[in-house]
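J.: The following file, protein_0.txt, comprises compact mmCIF, C-alpha atoms:
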# COMPACT_ATOMS: atom_id res chain seq x y z
CA MET G 1 170.20 -153.71 -55.60
CA GLY G 2 166.55 -152.96 -56.35
CA ALA G 3 163.60 -155.28 -56.25
CA THR G 4 163.42 -158.07 -58.82
CA VAL G 5 160.30 -157.90 -60.96
CA GLY G 6 159.22 -160.81 -63.13
CA VAL G 7 157.71 -159.74 -66.47
CA VAL G 8 155.54 -162.48 -67.94
CA VAL G 9 155.86 -163.36 -71.62
CA PHE G 10 153.13 -165.31 -73.39
CA PRO G 11 153.24 -166.07 -77.12
CA GLY G 12 151.93 -162.76 -78.50
CA THR G 13 153.00 -160.52 -75.62
CA ASN G 14 154.64 -157.42 -77.09
CA CYS G 15 155.19 -154.88 -74.29
CA GLU G 16 157.63 -156.90 -72.19
CA MET G 17 160.78 -155.03 -73.22
CA ASP G 18 159.20 -151.60 -72.70
CA THR G 19 158.23 -152.81 -69.24
CA VAL G 20 161.72 -154.18 -68.54
CA ASP G 21 163.28 -150.87 -69.67
CA ALA G 22 160.99 -148.80 -67.46
CA LEU G 23 161.59 -151.01 -64.41
CA GLU G 24 165.36 -150.91 -64.89
CA ALA G 25 165.43 -147.15 -65.55
CA LEU G 26 163.82 -146.74 -62.14
CA GLY G 27 166.31 -148.92 -60.34
CA GLY G 28 164.58 -152.27 -60.45
CA VAL G 29 165.93 -155.58 -61.68
CA ALA G 30 163.67 -157.04 -64.36
CA ARG G 31 163.50 -160.65 -65.44
CA THR G 32 161.27 -162.02 -68.17
CA LEU G 33 159.30 -165.13 -67.23
CA TRP G 34 158.15 -167.56 -69.92
CA HIS G 35 154.47 -168.45 -69.52
CA ALA G 36 155.12 -172.19 -69.60
CA ASP G 37 157.37 -171.99 -66.53
CA ASP G 38 155.89 -172.00 -63.07
CA ASP G 39 158.78 -170.81 -60.94
CA LEU G 40 158.72 -167.38 -59.30
CA THR G 41 161.71 -168.02 -57.04
CA GLY G 42 163.61 -164.79 -56.36
CA VAL G 43 160.84 -162.61 -57.79
CA ASP G 44 159.56 -159.77 -55.57
CA ALA G 45 156.75 -158.61 -57.88
CA VAL G 46 155.13 -159.66 -61.14
CA VAL G 47 153.99 -157.61 -64.14
CA VAL G 48 151.73 -159.16 -66.75
CA PRO G 49 152.44 -156.80 -69.67
CA GLY G 50 150.47 -155.81 -72.74
CA GLY G 51 150.14 -157.50 -76.09
CA PHE G 52 147.96 -160.22 -77.52
CA ALA G 53 148.63 -163.31 -75.41
CA HIS G 54 147.91 -166.43 -77.45
CA GLY G 55 146.68 -164.14 -80.24
CA ASP G 56 143.69 -163.12 -78.09
CA TYR G 57 141.99 -166.17 -79.61
CA LEU G 58 138.60 -166.96 -78.08
CA ARG G 59 138.82 -163.79 -75.91
CA PRO G 60 141.70 -161.65 -74.63
CA GLY G 61 143.25 -163.56 -71.74
CA ALA G 62 141.01 -166.61 -72.09
CA ILE G 63 143.79 -169.03 -72.99
CA ALA G 64 146.58 -167.24 -71.12
CA ARG G 65 144.86 -167.86 -67.81
CA PHE G 66 145.57 -171.60 -68.19
CA SER G 67 149.32 -171.14 -68.63
CA PRO G 68 151.43 -172.77 -65.87
CA ILE G 69 152.83 -169.38 -64.80
CA MET G 70 149.31 -168.25 -63.84
CA VAL G 71 149.08 -170.94 -61.16
CA ALA G 72 152.34 -169.65 -59.68
CA ILE G 73 151.12 -166.03 -59.93
CA ALA G 74 147.84 -166.88 -58.17
CA ARG G 75 149.82 -168.50 -55.36
CA PHE G 76 152.24 -165.56 -55.20
CA ALA G 77 149.34 -163.09 -55.06
CA ALA G 78 147.52 -165.11 -52.41
CA GLY G 79 150.63 -164.71 -50.26
CA GLY G 80 150.45 -160.92 -50.68
CA GLY G 81 152.95 -160.61 -53.56
CA PRO G 82 152.47 -157.52 -55.76
CA VAL G 83 151.00 -158.30 -59.19
CA VAL G 84 150.20 -155.69 -61.84
CA GLY G 85 148.46 -156.41 -65.14
CA ILE G 86 148.83 -153.77 -67.84
CA CYS G 87 146.36 -153.68 -70.76
CA ASN G 88 146.28 -157.29 -72.03
CA GLY G 89 147.69 -158.19 -68.61
CA PHE G 90 144.59 -156.64 -66.99
CA GLN G 91 142.43 -158.75 -69.31
CA VAL G 92 144.41 -161.86 -68.31
CA LEU G 93 143.95 -161.11 -64.58
CA THR G 94 140.16 -160.69 -64.95
CA GLU G 95 139.91 -163.92 -66.96
CA ALA G 96 141.96 -165.67 -64.28
CA GLY G 97 139.53 -164.45 -61.62
CA LEU G 98 142.27 -162.52 -59.79
CA LEU G 99 140.36 -159.29 -60.44
CA PRO G 100 136.58 -158.86 -60.89
CA GLY G 101 134.74 -157.71 -64.02
CA ALA G 102 135.70 -157.96 -67.67
CA LEU G 103 137.01 -155.75 -70.47
CA GLN G 104 134.56 -155.44 -73.35
CA LYS G 105 135.06 -153.74 -76.69
CA ASN G 106 135.39 -149.97 -76.60
CA GLN G 107 132.22 -147.96 -76.85
CA GLY G 108 132.40 -146.26 -80.24
CA LEU G 109 133.95 -149.40 -81.70
CA LYS G 110 137.35 -147.84 -82.34
CA PHE G 111 140.80 -149.09 -81.46
CA LEU G 112 142.18 -146.29 -79.28
CA CYS G 113 145.86 -145.30 -79.34
CA GLN G 114 146.18 -141.90 -77.68
CA PRO G 115 147.27 -140.08 -74.54
CA ALA G 116 144.82 -140.29 -71.66
CA ARG G 117 144.53 -138.17 -68.54
CA LEU G 118 144.14 -140.27 -65.41
CA ARG G 119 143.20 -139.33 -61.86
CA VAL G 120 144.68 -141.22 -58.91
CA GLU G 121 141.73 -142.33 -56.76
CA THR G 122 143.55 -144.18 -54.01
CA THR G 123 147.12 -144.43 -52.83
CA ASP G 124 146.37 -147.68 -51.03
CA SER G 125 147.51 -150.03 -53.79
CA VAL G 126 150.82 -151.47 -54.96
CA LEU G 127 150.66 -149.24 -58.03
CA THR G 128 149.89 -145.90 -56.39
CA ARG G 129 151.53 -145.85 -52.95
CA ARG G 130 154.01 -143.20 -54.09
CA ALA G 131 151.34 -141.08 -55.79
CA GLU G 132 148.92 -138.61 -54.28
CA ARG G 133 145.18 -138.90 -54.28
CA GLY G 134 143.68 -136.59 -56.91
CA MET G 135 146.95 -136.36 -58.84
CA GLU G 136 146.49 -136.22 -62.62
CA LEU G 137 148.74 -138.33 -64.82
CA ALA G 138 149.19 -138.33 -68.60
CA VAL G 139 149.62 -141.94 -69.68
CA PRO G 140 148.87 -143.45 -73.11
CA ILE G 141 146.20 -146.03 -73.85
CA ASN G 142 146.38 -148.54 -76.69
CA HIS G 143 143.47 -150.96 -76.81
CA PHE G 144 140.30 -152.19 -78.48
CA GLU G 145 138.89 -154.14 -75.54
CA GLY G 146 139.42 -151.68 -72.68
CA ASN G 147 135.86 -150.92 -71.72
CA PHE G 148 135.71 -152.13 -68.12
CA THR G 149 132.38 -153.66 -67.18
CA CYS G 150 130.96 -155.47 -64.18
CA ASP G 151 127.59 -156.00 -62.53
CA ASP G 152 126.10 -153.33 -60.23
CA GLU G 153 126.92 -155.26 -57.09
CA THR G 154 130.59 -155.60 -58.05
CA LEU G 155 130.78 -151.90 -58.95
CA ALA G 156 129.26 -150.92 -55.59
CA ARG G 157 131.84 -153.08 -53.85
CA LEU G 158 134.76 -151.65 -55.87
CA VAL G 159 133.66 -148.10 -55.09
CA GLY G 160 132.70 -148.79 -51.47
CA GLU G 161 135.92 -150.61 -50.64
CA ASP G 162 138.16 -148.01 -52.33
CA GLN G 163 139.26 -150.51 -55.00
CA VAL G 164 139.05 -148.04 -57.89
CA VAL G 165 142.72 -147.11 -58.33
CA LEU G 166 142.61 -144.80 -61.39
CA ARG G 167 139.81 -143.08 -63.28
CA TYR G 168 139.89 -141.42 -66.71
CA ALA G 169 139.48 -137.64 -66.54
CA GLU G 170 137.65 -138.00 -69.87
CA ASN G 171 136.23 -141.44 -70.48
CA PRO G 172 137.67 -142.66 -73.80
CA ASN G 173 136.17 -146.12 -74.06
CA GLY G 174 132.88 -146.34 -72.16
CA SER G 175 134.29 -147.96 -69.03
CA VAL G 176 131.74 -148.07 -66.23
CA ASP G 177 132.23 -145.20 -63.75
CA ASP G 178 135.26 -143.98 -65.80
CA ILE G 179 137.35 -146.80 -64.34
CA ALA G 180 140.89 -147.15 -65.73
CA ALA G 181 142.37 -149.34 -62.96
CA ILE G 182 141.14 -151.47 -60.08
CA CYS G 183 142.71 -153.51 -57.32
CA ASN G 184 141.67 -156.61 -55.39
CA GLU G 185 140.54 -156.58 -51.75
CA GLY G 186 144.12 -157.29 -50.62
CA ARG G 187 145.28 -154.23 -52.66
CA ASN G 188 148.29 -156.20 -53.97
CA ILE G 189 146.81 -157.03 -57.38
CA VAL G 190 146.17 -154.12 -59.75
CA GLY G 191 144.90 -154.14 -63.32
CA LEU G 192 145.00 -151.08 -65.56
CA MET G 193 144.38 -150.45 -69.24
CA PRO G 194 146.79 -147.47 -69.68
CA HIS G 195 150.50 -148.14 -70.28
CA PRO G 196 152.65 -146.49 -67.57
CA GLU G 197 155.77 -148.18 -69.00
CA ARG G 198 155.36 -146.02 -72.10
CA ALA G 199 155.34 -142.83 -70.03
CA CYS G 200 158.61 -143.12 -68.12
CA ASN G 201 160.80 -140.84 -70.20
CA PRO G 202 160.16 -137.20 -71.19
CA LEU G 203 161.25 -138.11 -74.72
CA LEU G 204 158.04 -140.12 -74.99
CA GLY G 205 155.89 -137.10 -74.23
CA SER G 206 155.26 -137.85 -70.57
CA ASP G 207 157.07 -139.37 -67.66
CA ASP G 208 153.98 -139.47 -65.46
CA GLY G 209 154.12 -143.26 -65.48
CA ARG G 210 157.23 -143.18 -63.31
CA VAL G 211 155.29 -142.63 -60.10
CA LEU G 212 153.28 -145.80 -60.83
CA ILE G 213 156.25 -147.99 -61.74
CA SER G 214 158.19 -146.57 -58.74
CA SER G 215 155.26 -147.44 -56.50
CA LEU G 216 155.39 -151.03 -57.68
CA LEU G 217 159.14 -151.19 -57.06
CA ALA G 218 158.60 -149.75 -53.56
CA ALA G 219 155.89 -152.33 -52.89
CA ALA G 220 158.16 -155.14 -54.12
CA VAL G 221 160.92 -154.66 -51.59
CA MET T 1 129.34 -193.11 -77.28
CA GLU T 2 130.58 -190.12 -79.20
CA TYR T 3 128.45 -186.99 -79.28
CA GLU T 4 128.81 -183.93 -81.41
CA VAL T 5 128.57 -180.64 -79.57
CA LEU T 6 127.86 -177.20 -80.95
CA VAL T 7 128.40 -174.20 -78.69
CA ASP T 8 126.95 -170.85 -79.74
CA VAL T 9 128.58 -167.95 -77.86
CA GLN T 10 126.93 -164.54 -78.11
CA LEU T 11 127.60 -161.28 -76.32
CA ARG T 12 125.01 -160.55 -73.65
CA ASP T 13 122.46 -157.78 -74.15
CA GLY T 14 124.04 -154.42 -73.49
CA ILE T 15 127.57 -155.53 -74.35
CA ALA T 16 129.12 -153.73 -77.33
CA ASP T 17 129.06 -155.85 -80.50
CA PRO T 18 130.98 -153.88 -83.14
CA ALA T 19 130.95 -156.72 -85.65
CA GLY T 20 127.16 -157.06 -85.43
CA ALA T 21 126.66 -153.30 -85.58
CA THR T 22 128.93 -152.98 -88.62
CA VAL T 23 127.18 -155.80 -90.49
CA GLU T 24 123.79 -154.28 -89.70
CA ARG T 25 124.87 -150.80 -90.83
CA SER T 26 126.11 -152.15 -94.16
CA LEU T 27 122.84 -153.87 -95.08
CA PRO T 28 120.92 -150.87 -96.53
CA ALA T 29 123.82 -150.18 -98.91
CA LEU T 30 123.42 -153.72 -100.21
CA GLY T 31 119.72 -153.19 -100.76
CA TYR T 32 118.45 -155.12 -97.73
CA GLN T 33 115.76 -153.35 -95.72
CA GLY T 34 114.00 -154.26 -92.49
CA ILE T 35 116.80 -156.33 -90.94
CA SER T 36 117.65 -155.52 -87.32
CA GLY T 37 119.11 -157.12 -84.22
CA VAL T 38 122.22 -158.44 -86.01
CA THR T 39 124.69 -160.03 -83.61
CA VAL T 40 127.97 -161.72 -84.46
CA GLY T 41 129.13 -164.42 -82.07
CA LYS T 42 131.30 -167.49 -82.13
CA THR T 43 130.58 -171.12 -82.87
CA VAL T 44 132.69 -173.85 -81.31
CA ARG T 45 132.20 -177.48 -82.42
CA PHE T 46 133.76 -180.57 -80.94
CA ARG T 47 133.17 -184.29 -80.39
CA ILE T 48 133.05 -185.78 -76.94
CA GLU T 49 133.06 -189.31 -75.53
CA ALA T 50 130.36 -189.67 -72.89
CA ALA T 51 128.10 -192.34 -71.39
CA ASP T 52 124.96 -190.54 -72.52
CA GLU T 53 123.69 -187.25 -73.87
CA ASN T 54 123.19 -185.75 -70.41
CA GLU T 55 126.80 -186.39 -69.47
CA ALA T 56 127.99 -184.91 -72.76
CA ARG T 57 125.85 -181.83 -72.11
CA ALA T 58 127.08 -181.47 -68.52
CA VAL T 59 130.72 -181.56 -69.61
CA ALA T 60 130.09 -179.10 -72.44
CA GLU T 61 128.27 -176.68 -70.15
CA ASP T 62 131.08 -176.91 -67.61
CA LEU T 63 133.55 -176.15 -70.41
CA CYS T 64 131.48 -173.10 -71.36
CA ALA T 65 131.40 -171.82 -67.78
CA THR T 66 135.15 -172.17 -67.29
CA PHE T 67 136.61 -171.45 -70.70
CA LEU T 68 134.55 -171.04 -73.86
CA ALA T 69 132.48 -168.07 -72.61
CA ASN T 70 133.07 -165.30 -70.10
CA PRO T 71 129.85 -165.13 -68.08
CA VAL T 72 130.41 -161.43 -67.33
CA ILE T 73 129.90 -160.49 -70.98
CA GLU T 74 128.78 -163.61 -72.90
CA ASP T 75 126.05 -166.26 -72.98
CA ALA T 76 126.60 -169.75 -74.36
CA VAL T 77 124.00 -172.17 -75.73
CA VAL T 78 124.96 -175.84 -76.01
CA THR T 79 123.42 -178.21 -78.56
CA VAL T 80 124.28 -181.93 -78.30
CA GLY T 81 123.61 -184.53 -80.96
CA THR T 82 125.03 -187.71 -82.39
CA PRO T 83 127.63 -187.20 -85.16
CA GLY T 84 126.12 -185.47 -88.16
CA GLU T 85 123.15 -184.14 -86.15
CA ALA T 86 124.32 -181.23 -84.04
What is this structure when it is put down as structure tokens?

T.:
Amino acid sequence: MGATVGVVVFPGTNCEMDTVDALEALGGVARTLWHADDDLTGVDAVVVPGGFAHGDYLRPGAIARFSPIMVAIARFAAGGGPVVGICNGFQVLTEAGLLPGALQKNQGLKFLCQPARLRVETTDSVLTRRAERGMELAVPINHFEGNFTCDDETLARLVGEDQVVLRYAENPNGSVDDIAAICNEGRNIVGLMPHPERACNPLLGSDDGRVLISSLLAAAV
Amino acid sequence: MEYEVLVDVQLRDGIADPAGATVERSLPALGYQGISGVTVGKTVRFRIEAADENEARAVAEDLCATFLANPVIEDAVVTVGTPGEA
């Protein structure tokens, strides 16, 4: 049996079933986790999926970070457990302080729903260990607040410590240094704006997301 | 004593403000000229029990730092007054 991955559901999350389907198609066991619970027993990895947790009221992720499950996730991550935040999940992880920086509104002020070409910048993360450095992946984006920003010192650290996981081949949203995904110093927490779970079947136009989801499953064992 | 708190949250300089930009762009069509620097932020109001104004302000500023604003992209200004003042 494959690794068990907990998929967090907040009120307003809407990508949890796509994520469950992708994980299970690749041999994982997926279990949804309600945000008000705080038990990660039996979970080998956690995905915080996309959507609009708590309606994105105040700011994306601002209220979600206080949910009981986030305390359990912080503890799980501190012990080295793999945690991936996709889109709104990335916003939640930055608000929770598990990843640096913030996601501001897209440059150009448009909601973006389109394919994006990504370049794998490091294979030393729970999301890219099965990929190859320099590999290009076609994975869709779907966001309004996906413009990654941070201060110069943080950016220098992310670049210097090889914590930039994915970059856009063509920057769609104004993200600093074309950043699409970052990881923490421990390399077990990754946040990304693109949706790999929506690129796991050729019928969807690309299955380039499989290498990312497979990496997470490999990291979770 | 109960204090009334008003928190004004605005995006920091250099952070994209599509709402402000859209409002500003629409002004000439409405016949308004010479208006610039439009920003659209958020106002949060609440009442707070505290021993004095300084304590009320300290709690409100702590709340801003941890929850009401994201210091990476936003600034918050706290105004404290007695009910009906702030």

J.: Separation of CA of Gln114 (chain G) and CA of Arg65 (chain G), in Å?

T.: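 So the two atoms, CA of Gln114 (chain G) and CA of Arg65 (chain G), lie 27.8 Å apart.
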
J.: Select all residues from chain G having any atom no more than 9 Å from an atom of chain T (counting all atoms listed in the file, ignoring ligands), output as a PDB file with C-alpha atoms, in the coordinates of the input.

T.:
ATOM      1  CA  LEU G  58     138.600-166.960 -78.080  1.00  0.00           C
ATOM      2  CA  ARG G  59     138.820-163.790 -75.910  1.00  0.00           C
ATOM      3  CA  ALA G  62     141.010-166.610 -72.090  1.00  0.00           C
ATOM      4  CA  ILE G  63     143.790-169.030 -72.990  1.00  0.00           C
ATOM      5  CA  GLU G  95     139.910-163.920 -66.960  1.00  0.00           C
ATOM      6  CA  GLY G 101     134.740-157.710 -64.020  1.00  0.00           C
ATOM      7  CA  ALA G 102     135.700-157.960 -67.670  1.00  0.00           C
ATOM      8  CA  LEU G 103     137.010-155.750 -70.470  1.00  0.00           C
ATOM      9  CA  GLN G 104     134.560-155.440 -73.350  1.00  0.00           C
ATOM     10  CA  LYS G 105     135.060-153.740 -76.690  1.00  0.00           C
ATOM     11  CA  ASN G 106     135.390-149.970 -76.600  1.00  0.00           C
ATOM     12  CA  GLN G 107     132.220-147.960 -76.850  1.00  0.00           C
ATOM     13  CA  GLY G 108     132.400-146.260 -80.240  1.00  0.00           C
ATOM     14  CA  LEU G 109     133.950-149.400 -81.700  1.00  0.00           C
ATOM     15  CA  LYS G 110     137.350-147.840 -82.340  1.00  0.00           C
ATOM     16  CA  THR G 149     132.380-153.660 -67.180  1.00  0.00           C
ATOM     17  CA  CYS G 150     130.960-155.470 -64.180  1.00  0.00           C
ATOM     18  CA  ASP G 151     127.590-156.000 -62.530  1.00  0.00           C
TER      19      ASP G 151
END

J.: Select, from T:Asp8, T:Glu53, T:Glu24, T:Glu2, the residue with the minimum atom-to-atom distance to Val80 (chain T), counting only C-alpha atoms.

T.: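 Counting only C-alpha atoms, the residue closest to Val80 (chain T) is T:Glu53.
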
J.: What lies within 8 Å of Val139 (chain G) using only C-alpha atoms, ignoring chain neighbours under 3 positions off, as a list in words?

T.: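 Here the qualifying residues turn out to be Pro115, Ala116, Arg117, Leu118, Pro194, His195, Pro196, Arg198, Ala199, Ser206, Asp208 and Gly209 of chain G.
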
J.: Region 12-22 of chain T, all listed atoms, 3 Å padding on each side: what axis-aligned box centre and edge lengths in Å to one decimal come out, as JSON?

T.:
{"center_x": 126.7, "center_y": -156.8, "center_z": -81.1, "size_x": 14.5, "size_y": 13.6, "size_z": 21.1}

J.: Could you jot down the CA of Ile73 (chain G) to CA of Cys15 (chain G) separation for me, Å, one decimal place?

T.: 18.6 Å

J.: Once you count all atoms listed in the file, which residues end up no further than 8 Å from (126.3, -183.4, -74.5) in the file's frame, shown as a ChimeraX atom specification?

T.: /T:3-5,48,50,52-60,78-81

J.: From the options G:Asp44, G:Glu136, G:Asp207, G:Glu24, which residue's atoms come nearest to Arg167 (chain G), counting all atoms listed in the file?

T.: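 Closest candidate: G:Glu136.
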
J.: Can you tell me how far CA of Glu132 (chain G) sits from CA of Glu161 (chain G), in Å to one decimal?

T.: 18.1 Å

J.: Counting only C-alpha atoms, what is within 10 Å of Asp162 (chain G), bar same-chain residues fewer than 6 positions away, as number ranges by chain?

T.: G: 121-125, 156, 182-185, 187

J.: So that I can check the surroundings of Ala45 (chain G), please list as a PyMOL selection string every protein, DNA and RNA residue that reaches within 6 Å of it, counting all atoms listed in the file and ignoring chain neighbours fewer than 6 positions away.

T.: chain G and resi 5+82-83+220

J.: Just write the chosen residues, C-alpha atoms, as a PDB file, in the frame of the given file.

T.:
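Result written to result-v8.pdb:
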ATOM      1  CA  VAL G   5     160.300-157.900 -60.960  1.00  0.00           C
ATOM      2  CA  PRO G  82     152.470-157.520 -55.760  1.00  0.00           C
ATOM      3  CA  VAL G  83     151.000-158.300 -59.190  1.00  0.00           C
ATOM      4  CA  ALA G 220     158.160-155.140 -54.120  1.00  0.00           C
TER       5      ALA G 220
END

J.: Counting all atoms listed in the file, figure out which residue out of G:Ala3, G:Val176, G:Ile189, G:Ile213 gets nearest to Thr154 (chain G).

T.: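 Between G:Ala3, G:Val176, G:Ile189, G:Ile213, the residue approaching Thr154 (chain G) most closely is G:Val176.
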